[in-house]
>>> print(open('work.txt').read())   # compact mmCIF, C-alpha atoms
# COMPACT_ATOMS: atom_id res chain seq x y z
CA MET A 1 101.13 112.67 89.32
CA ILE A 2 102.24 116.24 89.99
CA SER A 3 105.64 114.93 91.13
CA ILE A 4 105.99 113.04 87.86
CA LEU A 5 105.06 116.14 85.86
CA LEU A 6 107.75 118.09 87.74
CA LEU A 7 110.27 115.39 86.80
CA ALA A 8 109.14 115.10 83.18
CA THR A 9 109.35 118.84 82.57
CA GLY A 10 112.81 119.06 84.15
CA THR A 11 111.65 121.26 87.02
CA PHE A 12 113.36 118.74 89.30
CA LEU A 13 116.03 116.22 88.39
CA THR A 14 115.26 113.51 90.97
CA ALA A 15 112.19 111.83 92.42
CA LYS A 16 113.33 112.78 95.92
CA ASP A 17 113.55 116.49 95.11
CA SER A 18 110.21 116.46 93.31
CA LEU A 19 108.44 114.62 96.14
CA ASN A 20 109.97 116.93 98.75
CA ASP A 21 108.88 120.08 96.91
CA PHE A 22 105.37 118.73 96.35
CA GLY A 23 105.10 117.85 100.02
CA GLU A 24 106.23 121.28 101.16
CA ARG A 25 103.82 123.07 98.81
CA LYS A 26 100.88 120.85 99.77
CA THR A 27 101.43 121.31 103.51
CA ASP A 28 99.29 123.91 105.26
CA THR A 29 101.65 125.05 108.03
CA SER A 30 98.85 126.98 109.74
CA PHE A 31 97.16 123.62 110.35
CA SER A 32 100.12 121.30 110.93
CA ASN A 33 103.88 121.17 110.49
CA LYS A 34 103.68 117.56 109.31
CA ILE A 35 104.49 117.31 105.59
CA GLN A 36 101.31 116.39 103.70
CA GLY A 37 102.78 115.28 100.39
CA VAL A 38 102.38 111.95 98.65
CA GLU A 39 101.00 109.70 101.36
CA MET A 40 100.79 106.26 99.76
CA PRO A 41 104.06 104.32 99.55
CA ALA A 42 102.99 102.94 96.16
CA GLN A 43 102.72 106.49 94.80
CA SER A 44 106.25 107.35 95.97
CA ARG A 45 107.56 104.12 94.42
CA TYR A 46 105.85 104.97 91.13
CA VAL A 47 107.56 108.38 91.08
CA GLY A 48 110.84 106.57 91.74
CA TYR A 49 110.17 104.16 88.85
CA PHE A 50 109.46 107.11 86.56
CA ASP A 51 112.73 108.70 87.69
CA ILE A 52 114.59 105.52 86.67
CA VAL A 53 112.92 105.38 83.24
CA LYS A 54 113.75 109.03 82.60
CA ASN A 55 117.23 109.36 84.08
CA VAL A 56 118.74 105.87 83.98
CA LEU A 57 117.02 104.24 81.01
CA ASN A 58 116.88 107.46 78.94
CA TRP A 59 113.08 107.26 78.39
CA GLU A 60 113.25 103.60 77.25
CA MET A 61 111.01 101.08 78.96
CA PRO A 62 112.89 98.18 80.58
CA VAL A 63 113.02 94.84 78.82
CA LYS A 64 110.06 92.62 79.70
CA LYS A 65 110.82 89.75 82.04
CA THR A 66 108.92 86.53 82.45
CA PHE A 67 108.42 85.24 85.96
CA LYS A 68 107.21 81.86 87.11
CA ILE A 69 105.29 81.59 90.35
CA ARG A 70 106.52 78.43 92.02
CA LYS A 71 104.41 78.58 95.14
CA ILE A 72 102.13 80.79 97.17
CA VAL A 73 102.67 80.64 100.91
CA ILE A 74 100.04 81.87 103.34
CA TYR A 75 101.36 82.03 106.88
CA SER A 76 98.15 82.89 108.69
CA ILE A 77 94.54 82.84 107.62
CA GLN A 78 92.96 83.29 111.03
CA GLY A 79 90.51 86.18 110.94
CA VAL A 80 90.14 86.06 107.14
CA GLY A 81 86.78 84.77 105.94
CA GLU A 82 85.84 81.78 108.04
CA GLY A 83 89.38 81.61 109.39
CA ASN A 84 89.97 78.00 108.38
CA GLY A 85 90.71 78.30 104.65
CA ALA A 86 87.37 76.81 103.59
CA ASP A 87 86.50 79.95 101.62
CA LEU A 88 90.00 80.61 100.27
CA LYS A 89 90.18 81.77 96.65
CA ILE A 90 93.21 83.05 94.74
CA GLU A 91 93.09 84.91 91.44
CA ILE A 92 96.01 86.15 89.38
CA ILE A 93 94.94 88.87 86.96
CA MET A 94 97.17 90.16 84.17
CA GLN A 95 96.11 92.95 81.83
CA HIS A 96 92.53 92.81 83.14
CA LYS A 97 92.29 89.09 82.39
CA THR A 98 92.17 86.30 84.97
CA VAL A 99 94.97 83.87 84.09
CA PHE A 100 94.91 81.69 87.21
CA THR A 101 92.27 80.79 89.77
CA CYS A 102 92.50 78.47 92.68
CA THR A 103 90.05 77.53 95.40
CA ARG A 104 90.58 75.12 98.22
CA GLN A 105 88.81 72.43 96.21
CA THR A 106 90.29 72.87 92.73
CA CYS A 107 92.88 74.82 90.80
CA THR A 108 92.61 75.77 87.15
CA VAL A 109 95.04 77.49 84.84
CA SER A 110 93.77 79.63 81.97
CA GLN A 111 96.06 80.13 78.99
CA SER A 112 95.83 83.34 77.00
CA SER A 113 94.75 82.82 73.43
>>> encode(input="work.txt", output="structure tokens")
Amino acid sequence: MISILLLATGTFLTAKDSLNDFGERKTDTSFSNKIQGVEMPAQSRYVGYFDIVKNVLNWEMPVKKTFKIRKIVIYSIQGVGEGNGADLKIEIIMQHKTVFTCTRQTCTVSQSS
């Protein structure tokens, strides 16, 4: 979130510059020369998304898009649960609400009201 604050306040103009500065400041060079900035890829992506909203979309949120899931493909289930799919369960959660559940035995779709 510090990198986003640096972008929002105009301290840095790009996500890359903000992330680099944060990493350099967070790194303790007496301990290691490896940059210790934002470590989770999802965090870096989020800073990049914020950069787009600020600099490309001029602080406007992008238009909402509707997506339709046509299929879910699982390539390997070995080592997950019992390893044979008997205990497979899928949940799709949107805005803290379960909208789709599926087990190996049945599938149900919940419509929002």
>>> atom_distance(input="work.txt", atom1="atom CA of Val80 of chain A", atom2="atom CA of Thr106 of chain A")
19.5 Å
>>> residues_around(input="work.txt", residues="segment 4-8 of chain A", least_positions_apart="6", cutoff="8 Å", atoms="all atoms listed in the file", output="PyMOL selection string")
chain A and resi 14-15+18+47+50-51+54
>>> residues_around(input="work.txt", residues="segment 86-88 of chain A", least_positions_apart="3", cutoff="12 Å", atoms="all atoms listed in the file", output="list of chain:residue names")
A:Ile74, A:Ser76, A:Ile77, A:Gln78, A:Gly79, A:Val80, A:Gly81, A:Glu82, A:Gly83, A:Glu91, A:Thr101, A:Cys102, A:Thr103, A:Arg104, A:Gln105, A:Thr106, A:Cys107
>>> atom_distance(input="work.txt", atom1="atom CA of Gly23 of chain A", atom2="atom CA of Met40 of chain A")
12.4 Å
>>> atom_distance(input="work.txt", atom1="atom CA of Leu13 of chain A", atom2="atom CA of Gly48 of chain A")
11.5 Å
>>> closest_residue(input="work.txt", among="A:Val53, A:Lys68, A:Tyr75, A:Lys16", to="Val38 of chain A", atoms="only C-alpha atoms")
A:Lys16
>>> build_atoms(input="work.txt", residues="segment 4-19 of chain A", atoms="N, CA, C and O atoms", output="compact mmCIF listing (two decimals), in the frame of the given file")
# COMPACT_ATOMS: atom_id res chain seq x y z
N ILE A 4 105.50 113.57 89.14
CA ILE A 4 105.99 113.04 87.86
C ILE A 4 106.04 114.15 86.81
O ILE A 4 107.00 114.23 86.05
N LEU A 5 105.05 115.01 86.80
CA LEU A 5 105.06 116.14 85.86
C LEU A 5 106.28 117.02 86.13
O LEU A 5 106.95 117.46 85.19
N LEU A 6 106.59 117.28 87.40
CA LEU A 6 107.75 118.09 87.74
C LEU A 6 109.04 117.44 87.28
O LEU A 6 109.98 118.12 86.86
N LEU A 7 109.10 116.12 87.32
CA LEU A 7 110.27 115.39 86.80
C LEU A 7 110.32 115.44 85.27
O LEU A 7 111.36 115.73 84.68
N ALA A 8 109.20 115.18 84.65
CA ALA A 8 109.14 115.10 83.18
C ALA A 8 109.50 116.43 82.52
O ALA A 8 110.14 116.45 81.47
N THR A 9 109.09 117.52 83.14
CA THR A 9 109.35 118.84 82.57
C THR A 9 110.74 119.37 82.92
O THR A 9 111.14 120.42 82.45
N GLY A 10 111.47 118.63 83.77
CA GLY A 10 112.81 119.06 84.15
C GLY A 10 112.84 120.07 85.28
O GLY A 10 113.90 120.61 85.60
N THR A 11 111.68 120.34 85.89
CA THR A 11 111.65 121.26 87.02
C THR A 11 112.52 120.73 88.15
O THR A 11 113.20 121.49 88.83
N PHE A 12 112.49 119.41 88.35
CA PHE A 12 113.36 118.74 89.30
C PHE A 12 114.04 117.59 88.60
O PHE A 12 113.49 117.01 87.66
N LEU A 13 115.25 117.26 89.05
CA LEU A 13 116.03 116.22 88.39
C LEU A 13 115.86 114.85 89.03
O LEU A 13 116.16 113.84 88.39
N THR A 14 115.40 114.80 90.29
CA THR A 14 115.26 113.51 90.97
C THR A 14 113.88 113.36 91.59
O THR A 14 113.21 114.36 91.90
N ALA A 15 113.48 112.11 91.77
CA ALA A 15 112.19 111.83 92.42
C ALA A 15 112.17 112.41 93.82
O ALA A 15 111.17 113.00 94.25
N LYS A 16 113.26 112.27 94.54
CA LYS A 16 113.33 112.78 95.92
C LYS A 16 113.07 114.28 95.98
O LYS A 16 112.27 114.74 96.79
N ASP A 17 113.74 115.03 95.11
CA ASP A 17 113.55 116.49 95.11
C ASP A 17 112.12 116.87 94.73
O ASP A 17 111.52 117.75 95.32
N SER A 18 111.57 116.17 93.75
CA SER A 18 110.21 116.46 93.31
C SER A 18 109.20 116.15 94.41
O SER A 18 108.29 116.94 94.68
N LEU A 19 109.35 114.99 95.05
CA LEU A 19 108.44 114.62 96.14
C LEU A 19 108.56 115.58 97.32
O LEU A 19 107.54 115.96 97.92
